[in-house]
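K.L.:
My questions will all concern the structure given below.
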Amino acid sequence: MKQLLDLTFDNRFARLGDDFSTRIDPRPLDDPRLVVASPTALALLDLDPAVAETPEFTQVFAGAQLWDSAEPRAMIYSGHQFGSYNPRLGDGRGLLLGEVVNDRGEHWDLHLKGAGLTPFSRMGDGRAVLRSSIREFLASEALHALGIPTTRALCVIGSATQVVRERLETGATLLRMAPSHVRFGHFEYFYYTRQHQLLEQLGEHVLAAHFPELLATPEPWAALFREVVERNARLIAHWQAYGFCHGVMNTDNFSILGLTFDFGPFAFLDDFDAQFICNHSDHTGRYSYSNQVPIAHWNLAALAQALTPKVAVETLQESIALFLPLYQAHYVDLMRRRLGLQEARDEDQELVERLLALMQQGGVDYHLFFRHLGEDQPAAALARVREDFIDLRGFDDWSQAYRARLDAEGGAAADRTARMNAVNPLYVLRNYLAQQAIEQAEAGDYSEVRLLHEVLSRPFEAQPGRERFAQRPPDWGKHLEISCSS
Ligand code: AMP
Ligand code: MG
């Protein structure tokens, strides 16, 4: 185990130079305090969890102290926001502090969100609020525990710094980790500013640092794009299968590594609703739950456009055409597992669609349905979940088809339960759970955030005494409006 200040840095992105990012120091928060830290994220840096309790840790991640070998920089990028191109975005309130190399030789970007003004702050204040920092922390660590590709979160630091949003709020920082912070919007920036030399340099960096195996293929850039398509198909299949809504799928929030990236007004579904819109500024539902699939496809086309100086259009189109079938195959595979089925059959997609249509009529909690379906013998489990459906005849028909599948596969009931419990979480980051923890944290009590984080880090495992985290939301918690200003 290392001491915090002993981390080793290798700042590859910084070395690309001033065309890619601007050197700037963080502006520290006043009177900083540790809100929460992730032991598993600390382990990625070879740090012991106890390190988080030291004053030094709080100072460093409040932006008040730096490693000598860190090189804080604001990255330049652009992107399509709600379908319109914004030529200049960039890190307006976050800094890439540097890239830590751990004992396994992995590089981890340390990105400090809420670190103060940068040349890209535009009208903003460079700050992040405690509320949204806690939401990002909990969501990234919860998604990771569910097995969904995501950026990680090391810690949240609270403070006495006040920031103005719709109301006066507490300023905070979040330390985000990822192997890379390169977004689709990085490529778009150099493409639309016609700096093709720099576009080339960016792609060479991404290939060498993150996809070295592709350098040996005949067309590394084409292979890179194809890999991004495949990773996104897998990512979005996970979002859909687990009911995660991102909320702001702009191309500047899309990672070249296919990670869930930039958490804003995200939400997990409670009751199943294909039309659910978690972002209250999204008046047309561009980023609704069911639109996440076509929007990811759209974003890949936006990235492809930026790669046209390097890859033939037909080649890019061939890869884009793979997205929907790849997505569908991953999605049905995940859903089949969630239903406890082991053999792939042609009719599986229809079985899933029929179930979701029945759920859509209302009243069925998306997460508990799957958990409860697996927890008992099929007949008893189906009788239990049946009570929540409105179209009981429809559900009975579906149950028959489902049971026929189970019977045909055979196998012991206990095996089925173990299999299903391993993929169907009991604990999900429901908006109202986050909200309760945030309200307590805003009043200075961080115990609920820490407990919720701990519960969500083992989402598949029943945790005695923590039943309250595995309930359906109370009525007041069902349709919370989450402020988008973060
Ligand atoms: P986001 O909504 O967090 O994805 O941010 C979109 C863009 O706005 C990025 O360029 C951010 O850096 C910038 N931004 C968001 N909030 C702030 C803020 N409080 N101060 C400065 N820039 C911000
Ligand atoms: Mg963003």
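Labeling convention for the structure tokens: chains A, B, ... as they appear, residues from 1 per chain, ligands from 1 in order of appearance.
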Residues within 9 Å of ligand 1 should be enumerated using only C-alpha atoms and all ligand atoms and returned as number ranges by chain.
P.N.:
A: 76-78, 81, 88-94, 113-114, 116-118, 120-129, 163, 165, 248, 250, 252-253, 262-264, 484-486
K.L.:
Hey, can you spit out that residue selection with N, CA, C and O atoms as a compact mmCIF listing (two decimals), in the first residue's frame?
P.N.:
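Produced file part02.txt, reproduced below:
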# COMPACT_ATOMS: atom_id res chain seq x y z
N ILE A 76 -9.76 20.53 -23.87
CA ILE A 76 -10.57 21.22 -24.89
C ILE A 76 -11.42 20.20 -25.64
O ILE A 76 -10.90 19.17 -26.08
N TYR A 77 -12.71 20.46 -25.75
CA TYR A 77 -13.55 19.62 -26.60
C TYR A 77 -14.79 20.40 -26.99
O TYR A 77 -15.04 21.51 -26.48
N SER A 78 -15.56 19.85 -27.91
CA SER A 78 -16.83 20.47 -28.28
C SER A 78 -17.87 19.36 -28.21
O SER A 78 -17.67 18.39 -27.47
N GLN A 81 -24.98 19.06 -28.43
CA GLN A 81 -25.85 19.11 -27.26
C GLN A 81 -27.30 19.14 -27.74
O GLN A 81 -27.67 20.05 -28.48
N ARG A 88 -17.57 25.00 -28.91
CA ARG A 88 -16.55 25.10 -27.86
C ARG A 88 -17.15 24.82 -26.50
O ARG A 88 -17.95 25.59 -25.97
N LEU A 89 -16.76 23.68 -25.95
CA LEU A 89 -17.16 23.35 -24.58
C LEU A 89 -15.90 23.30 -23.73
O LEU A 89 -15.38 24.32 -23.35
N GLY A 90 -15.37 22.14 -23.49
CA GLY A 90 -14.15 22.03 -22.69
C GLY A 90 -14.45 21.92 -21.21
O GLY A 90 -15.59 22.08 -20.78
N ASP A 91 -13.41 21.61 -20.44
CA ASP A 91 -13.58 21.45 -18.99
C ASP A 91 -13.80 22.82 -18.35
O ASP A 91 -12.85 23.57 -18.12
N GLY A 92 -15.04 23.13 -18.04
CA GLY A 92 -15.36 24.44 -17.46
C GLY A 92 -15.29 24.44 -15.95
O GLY A 92 -15.30 25.50 -15.32
N ARG A 93 -15.26 23.26 -15.36
CA ARG A 93 -15.21 23.22 -13.90
C ARG A 93 -14.57 21.93 -13.40
O ARG A 93 -14.79 21.50 -12.28
N GLY A 94 -13.78 21.33 -14.27
CA GLY A 94 -13.09 20.12 -13.85
C GLY A 94 -11.69 20.16 -14.42
O GLY A 94 -11.46 20.78 -15.45
N LYS A 113 -13.55 17.36 -10.30
CA LYS A 113 -14.72 18.11 -10.78
C LYS A 113 -15.11 19.13 -9.71
O LYS A 113 -15.22 18.77 -8.53
N GLY A 114 -15.30 20.38 -10.13
CA GLY A 114 -15.65 21.44 -9.17
C GLY A 114 -14.43 22.20 -8.70
O GLY A 114 -14.44 22.83 -7.64
N GLY A 116 -12.92 24.88 -9.83
CA GLY A 116 -12.81 26.33 -10.03
C GLY A 116 -12.77 26.73 -11.50
O GLY A 116 -12.84 25.88 -12.40
N LEU A 117 -12.66 28.04 -11.72
CA LEU A 117 -12.76 28.58 -13.08
C LEU A 117 -11.63 28.09 -13.98
O LEU A 117 -10.49 27.90 -13.53
N THR A 118 -11.97 27.92 -15.25
CA THR A 118 -10.98 27.57 -16.28
C THR A 118 -11.27 28.46 -17.49
O THR A 118 -12.31 29.14 -17.53
N PHE A 120 -12.56 27.62 -20.00
CA PHE A 120 -13.77 27.09 -20.64
C PHE A 120 -15.01 27.24 -19.77
O PHE A 120 -16.04 26.62 -20.04
N SER A 121 -14.91 28.06 -18.74
CA SER A 121 -16.04 28.15 -17.81
C SER A 121 -17.23 28.90 -18.38
O SER A 121 -18.34 28.80 -17.84
N ARG A 122 -17.03 29.64 -19.47
CA ARG A 122 -18.12 30.43 -20.08
C ARG A 122 -18.87 31.19 -18.98
O ARG A 122 -18.27 31.91 -18.22
N MET A 123 -20.18 30.99 -18.84
CA MET A 123 -20.96 31.75 -17.86
C MET A 123 -20.92 31.11 -16.47
O MET A 123 -21.47 31.65 -15.52
N GLY A 124 -20.31 29.95 -16.35
CA GLY A 124 -20.36 29.21 -15.09
C GLY A 124 -19.35 29.69 -14.07
O GLY A 124 -18.50 30.54 -14.35
N ASP A 125 -19.44 29.15 -12.87
CA ASP A 125 -18.56 29.56 -11.77
C ASP A 125 -17.44 28.56 -11.51
O ASP A 125 -16.67 28.71 -10.57
N GLY A 126 -17.39 27.49 -12.31
CA GLY A 126 -16.32 26.51 -12.12
C GLY A 126 -16.54 25.56 -10.95
O GLY A 126 -15.68 24.74 -10.66
N ARG A 127 -17.68 25.68 -10.32
CA ARG A 127 -17.92 24.87 -9.13
C ARG A 127 -18.93 23.75 -9.38
O ARG A 127 -19.71 23.80 -10.35
N ALA A 128 -18.92 22.78 -8.50
CA ALA A 128 -19.93 21.72 -8.48
C ALA A 128 -20.60 21.77 -7.10
O ALA A 128 -19.96 22.15 -6.12
N VAL A 129 -21.86 21.40 -7.03
CA VAL A 129 -22.55 21.45 -5.74
C VAL A 129 -22.51 20.07 -5.08
O VAL A 129 -22.34 19.03 -5.74
N VAL A 163 -22.19 28.23 -3.25
CA VAL A 163 -22.35 28.53 -4.67
C VAL A 163 -23.82 28.80 -4.97
O VAL A 163 -24.71 28.25 -4.32
N ARG A 165 -27.05 28.54 -7.14
CA ARG A 165 -27.79 27.84 -8.18
C ARG A 165 -29.22 28.39 -8.09
O ARG A 165 -29.37 29.58 -7.92
N VAL A 248 -28.55 13.07 -20.29
CA VAL A 248 -27.92 14.10 -21.14
C VAL A 248 -26.90 13.42 -22.06
O VAL A 248 -25.69 13.57 -21.92
N ASN A 250 -25.41 13.94 -24.67
CA ASN A 250 -24.72 14.79 -25.65
C ASN A 250 -23.39 14.14 -25.99
O ASN A 250 -22.84 13.38 -25.18
N ASP A 252 -20.50 15.28 -26.02
CA ASP A 252 -19.41 15.63 -25.11
C ASP A 252 -19.50 14.80 -23.83
O ASP A 252 -18.56 14.81 -23.02
N ASN A 253 -20.60 14.10 -23.62
CA ASN A 253 -20.74 13.23 -22.45
C ASN A 253 -20.60 11.76 -22.83
O ASN A 253 -21.01 10.88 -22.09
N ASP A 262 -20.24 11.30 -17.15
CA ASP A 262 -20.91 12.57 -16.82
C ASP A 262 -22.34 12.36 -16.35
O ASP A 262 -23.27 12.29 -17.14
N PHE A 263 -22.47 12.27 -15.07
CA PHE A 263 -23.77 12.01 -14.47
C PHE A 263 -24.44 13.34 -14.12
O PHE A 263 -23.91 14.11 -13.34
N GLY A 264 -25.57 13.61 -14.72
CA GLY A 264 -26.34 14.81 -14.39
C GLY A 264 -27.66 14.41 -13.77
O GLY A 264 -27.70 13.83 -12.69
N CYS A 484 -31.42 20.27 -12.67
CA CYS A 484 -30.36 19.97 -13.65
C CYS A 484 -29.14 20.84 -13.44
O CYS A 484 -28.07 20.54 -13.93
N SER A 485 -29.29 21.96 -12.73
CA SER A 485 -28.12 22.81 -12.50
C SER A 485 -27.26 22.10 -11.47
O SER A 485 -27.73 21.74 -10.40
N SER A 486 -26.02 21.84 -11.86
CA SER A 486 -25.22 21.01 -10.99
C SER A 486 -23.90 21.70 -10.63
O SER A 486 -23.06 21.12 -10.02
K.L.:
Can you list every residue in region 100-293 of chain A that DSSP puts in strand (DSSP E or B), as a VMD selection string?
P.N.:
chain A and resid 100 to 101 107 to 113 128 to 129 150 152 to 158 162 to 164 168 to 178 183 244 to 245 255 260 267 to 268 271
K.L.:
Can you work out the spacing between CA of Pro474 (chain A) and CA of Val428 (chain A) in Å, to one decimal?
P.N.:
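About the pair CA of Pro474 (chain A) and CA of Val428 (chain A): they are 14.6 Å apart.
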K.L.:
Using CA of Phe395 (chain A) and CA of Asp346 (chain A) as the two end points, give the distance in Å to one decimal.
P.N.:
20.7 Å
K.L.:
Extract, using only C-alpha atoms, all DNA, RNA and protein residues at most 9 Å from region 182-189 of chain A, discarding same-chain residues fewer than 4 positions from it, and format them as a ChimeraX atom specification.
P.N.:
/A:20,75-80,87-90,193-195,199,202-203,206,250-257,261,299-300,302-303,305-307
K.L.:
Using only C-alpha atoms and all ligand atoms for the distances, tell me which of A:Leu29, A:Leu480, A:Val156, A:Met249 is nearest to ligand 2.
P.N.:
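Of the candidates, the smallest distance to ligand 2 is held by A:Met249.
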K.L.:
Pull the closest atom pair for each residue of region 331-378 of chain A that gets at most 8 Å from region 382-390 of chain A, along with the distance in Å to one decimal, counting only C-alpha atoms, ordering rows by chain and then ascending residue number, as CSV.
P.N.:
residue,atom,partner,partner_atom,distance
A:Leu358,CA,A:Phe389,CA,7.1
A:Met359,CA,A:Phe389,CA,6.7
A:Gln361,CA,A:Ile390,CA,6.7
A:Gly362,CA,A:Ile390,CA,7.1
A:Gly363,CA,A:Asp388,CA,5.8
A:Val364,CA,A:Asp388,CA,5.5
A:Phe369,CA,A:Val385,CA,6.3
A:His372,CA,A:Val385,CA,6.8
A:Leu373,CA,A:Leu382,CA,6.3
A:Pro378,CA,A:Leu382,CA,5.9
K.L.:
Taking all heavy atoms for each residue, export the selection above as a PDB file, in the first residue's frame.
P.N.:
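The resulting again-v5.pdb:
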ATOM      1  N   LEU A 358     -46.676  -5.553 -20.633  1.00  0.00           N
ATOM      2  CA  LEU A 358     -47.562  -5.757 -19.477  1.00  0.00           C
ATOM      3  C   LEU A 358     -47.150  -4.860 -18.310  1.00  0.00           C
ATOM      4  O   LEU A 358     -47.983  -4.281 -17.617  1.00  0.00           O
ATOM      5  CB  LEU A 358     -47.531  -7.227 -19.043  1.00  0.00           C
ATOM      6  CG  LEU A 358     -48.183  -8.212 -20.014  1.00  0.00           C
ATOM      7  CD1 LEU A 358     -47.708  -9.633 -19.738  1.00  0.00           C
ATOM      8  CD2 LEU A 358     -49.711  -8.128 -19.915  1.00  0.00           C
ATOM      9  N   MET A 359     -45.850  -4.720 -18.110  1.00  0.00           N
ATOM     10  CA  MET A 359     -45.347  -3.856 -17.034  1.00  0.00           C
ATOM     11  C   MET A 359     -45.711  -2.391 -17.286  1.00  0.00           C
ATOM     12  O   MET A 359     -45.998  -1.642 -16.371  1.00  0.00           O
ATOM     13  CB  MET A 359     -43.820  -3.940 -16.958  1.00  0.00           C
ATOM     14  CG  MET A 359     -43.278  -5.181 -16.335  1.00  0.00           C
ATOM     15  SD  MET A 359     -41.481  -4.943 -16.195  1.00  0.00           S
ATOM     16  CE  MET A 359     -41.053  -6.381 -15.248  1.00  0.00           C
ATOM     17  N   GLN A 361     -48.205  -1.047 -18.396  1.00  0.00           N
ATOM     18  CA  GLN A 361     -49.565  -0.625 -18.024  1.00  0.00           C
ATOM     19  C   GLN A 361     -49.605  -0.042 -16.615  1.00  0.00           C
ATOM     20  O   GLN A 361     -50.599   0.548 -16.218  1.00  0.00           O
ATOM     21  CB  GLN A 361     -50.529  -1.808 -18.155  1.00  0.00           C
ATOM     22  CG  GLN A 361     -50.661  -2.239 -19.598  1.00  0.00           C
ATOM     23  CD  GLN A 361     -51.390  -3.565 -19.727  1.00  0.00           C
ATOM     24  OE1 GLN A 361     -51.619  -4.260 -18.747  1.00  0.00           O
ATOM     25  NE2 GLN A 361     -51.746  -3.906 -20.944  1.00  0.00           N
ATOM     26  N   GLY A 362     -48.529  -0.222 -15.873  1.00  0.00           N
ATOM     27  CA  GLY A 362     -48.457   0.489 -14.601  1.00  0.00           C
ATOM     28  C   GLY A 362     -48.338  -0.418 -13.400  1.00  0.00           C
ATOM     29  O   GLY A 362     -48.799  -1.550 -13.404  1.00  0.00           O
ATOM     30  N   GLY A 363     -47.672   0.135 -12.395  1.00  0.00           N
ATOM     31  CA  GLY A 363     -47.691  -0.525 -11.095  1.00  0.00           C
ATOM     32  C   GLY A 363     -46.598  -1.543 -10.827  1.00  0.00           C
ATOM     33  O   GLY A 363     -46.489  -2.041  -9.715  1.00  0.00           O
ATOM     34  N   VAL A 364     -45.802  -1.868 -11.839  1.00  0.00           N
ATOM     35  CA  VAL A 364     -44.808  -2.920 -11.622  1.00  0.00           C
ATOM     36  C   VAL A 364     -43.417  -2.306 -11.434  1.00  0.00           C
ATOM     37  O   VAL A 364     -42.902  -1.627 -12.323  1.00  0.00           O
ATOM     38  CB  VAL A 364     -44.784  -3.918 -12.802  1.00  0.00           C
ATOM     39  CG1 VAL A 364     -43.791  -5.038 -12.523  1.00  0.00           C
ATOM     40  CG2 VAL A 364     -46.174  -4.478 -13.044  1.00  0.00           C
ATOM     41  N   PHE A 369     -39.416  -6.717  -9.533  1.00  0.00           N
ATOM     42  CA  PHE A 369     -40.058  -7.774 -10.309  1.00  0.00           C
ATOM     43  C   PHE A 369     -39.058  -8.921 -10.563  1.00  0.00           C
ATOM     44  O   PHE A 369     -39.334 -10.083 -10.278  1.00  0.00           O
ATOM     45  CB  PHE A 369     -40.594  -7.250 -11.649  1.00  0.00           C
ATOM     46  CG  PHE A 369     -41.038  -8.370 -12.549  1.00  0.00           C
ATOM     47  CD1 PHE A 369     -42.297  -8.939 -12.393  1.00  0.00           C
ATOM     48  CD2 PHE A 369     -40.180  -8.898 -13.511  1.00  0.00           C
ATOM     49  CE1 PHE A 369     -42.693 -10.015 -13.187  1.00  0.00           C
ATOM     50  CE2 PHE A 369     -40.571  -9.977 -14.305  1.00  0.00           C
ATOM     51  CZ  PHE A 369     -41.833 -10.529 -14.146  1.00  0.00           C
ATOM     52  N   HIS A 372     -37.841 -10.680  -7.281  1.00  0.00           N
ATOM     53  CA  HIS A 372     -38.850 -11.556  -6.683  1.00  0.00           C
ATOM     54  C   HIS A 372     -39.134 -12.777  -7.554  1.00  0.00           C
ATOM     55  O   HIS A 372     -39.419 -13.856  -7.040  1.00  0.00           O
ATOM     56  CB  HIS A 372     -40.136 -10.771  -6.422  1.00  0.00           C
ATOM     57  CG  HIS A 372     -39.976  -9.756  -5.327  1.00  0.00           C
ATOM     58  ND1 HIS A 372     -40.809  -8.664  -5.196  1.00  0.00           N
ATOM     59  CD2 HIS A 372     -39.062  -9.658  -4.326  1.00  0.00           C
ATOM     60  CE1 HIS A 372     -40.404  -7.950  -4.147  1.00  0.00           C
ATOM     61  NE2 HIS A 372     -39.356  -8.528  -3.608  1.00  0.00           N
ATOM     62  N   LEU A 373     -39.043 -12.577  -8.854  1.00  0.00           N
ATOM     63  CA  LEU A 373     -39.300 -13.697  -9.766  1.00  0.00           C
ATOM     64  C   LEU A 373     -38.308 -14.844  -9.525  1.00  0.00           C
ATOM     65  O   LEU A 373     -38.631 -16.011  -9.750  1.00  0.00           O
ATOM     66  CB  LEU A 373     -39.188 -13.213 -11.224  1.00  0.00           C
ATOM     67  CG  LEU A 373     -39.559 -14.216 -12.325  1.00  0.00           C
ATOM     68  CD1 LEU A 373     -41.039 -14.585 -12.247  1.00  0.00           C
ATOM     69  CD2 LEU A 373     -39.234 -13.641 -13.703  1.00  0.00           C
ATOM     70  N   PRO A 378     -40.844 -21.342  -9.292  1.00  0.00           N
ATOM     71  CA  PRO A 378     -41.526 -20.547 -10.316  1.00  0.00           C
ATOM     72  C   PRO A 378     -43.007 -20.273 -10.020  1.00  0.00           C
ATOM     73  O   PRO A 378     -43.444 -19.127 -10.108  1.00  0.00           O
ATOM     74  CB  PRO A 378     -41.352 -21.377 -11.585  1.00  0.00           C
ATOM     75  CG  PRO A 378     -40.065 -22.116 -11.367  1.00  0.00           C
ATOM     76  CD  PRO A 378     -39.983 -22.395  -9.893  1.00  0.00           C
TER      77      PRO A 378
END
K.L.:
Between CA of Arg104 (chain A) and CA of Glu200 (chain A), measure the distance and give it in Å to one decimal.
P.N.:
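Computing the Euclidean distance for CA of Arg104 (chain A) and CA of Glu200 (chain A) yields 29.2 Å.
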K.L.:
From the options A:Val423, A:Val311, A:Ile295, A:Val352, which residue's atoms come nearest to Gly340 (chain A), counting only C-alpha atoms?
P.N.:
A:Val423
K.L.:
Between A:Ala43, A:Thr260, A:Leu168, A:Tyr191, which residue has the minimum interatomic distance to ligand 2, considering only C-alpha atoms and all ligand atoms?
P.N.:
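Residue with the minimum atom-to-atom distance to ligand 2: A:Thr260.
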K.L.:
From the list A:Val449, A:Leu174, A:Leu316, A:Cys245, which residue is nearest Asp273 (chain A) when using only C-alpha atoms?
P.N.:
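Residue with the minimum atom-to-atom distance to Asp273 (chain A): A:Cys245.
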K.L.:
Show me, as a list of chain:residue names, the residues that have an atom within 8 Å of Tyr289 (chain A) when counting only C-alpha atoms, minus same-chain residues fewer than 6 positions from it.
P.N.:
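Near neighbours after the sequence-gap exclusion: A:Gln240, A:Gly243, A:Phe244, A:Cys245, A:Asp273, A:Ala274, A:Gln275, A:Phe276, A:Ile277.
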K.L.:
Considering only C-alpha atoms and all ligand atoms, can you say which of A:His246, A:Ala414, A:Ala52, A:Ala470 comes closest to ligand 2?
P.N.:
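With only C-alpha atoms and all ligand atoms as the atom set, the closest residue is A:His246.
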K.L.:
Let's see if you can do this: from backbone DSSP, list all alpha helix (DSSP H) residues in region 152-371 of chain A, as a VMD selection string.
P.N.:
chain A and resid 184 to 192 196 to 210 220 to 242 292 to 307 313 to 320 323 to 338 348 to 360 366 to 371
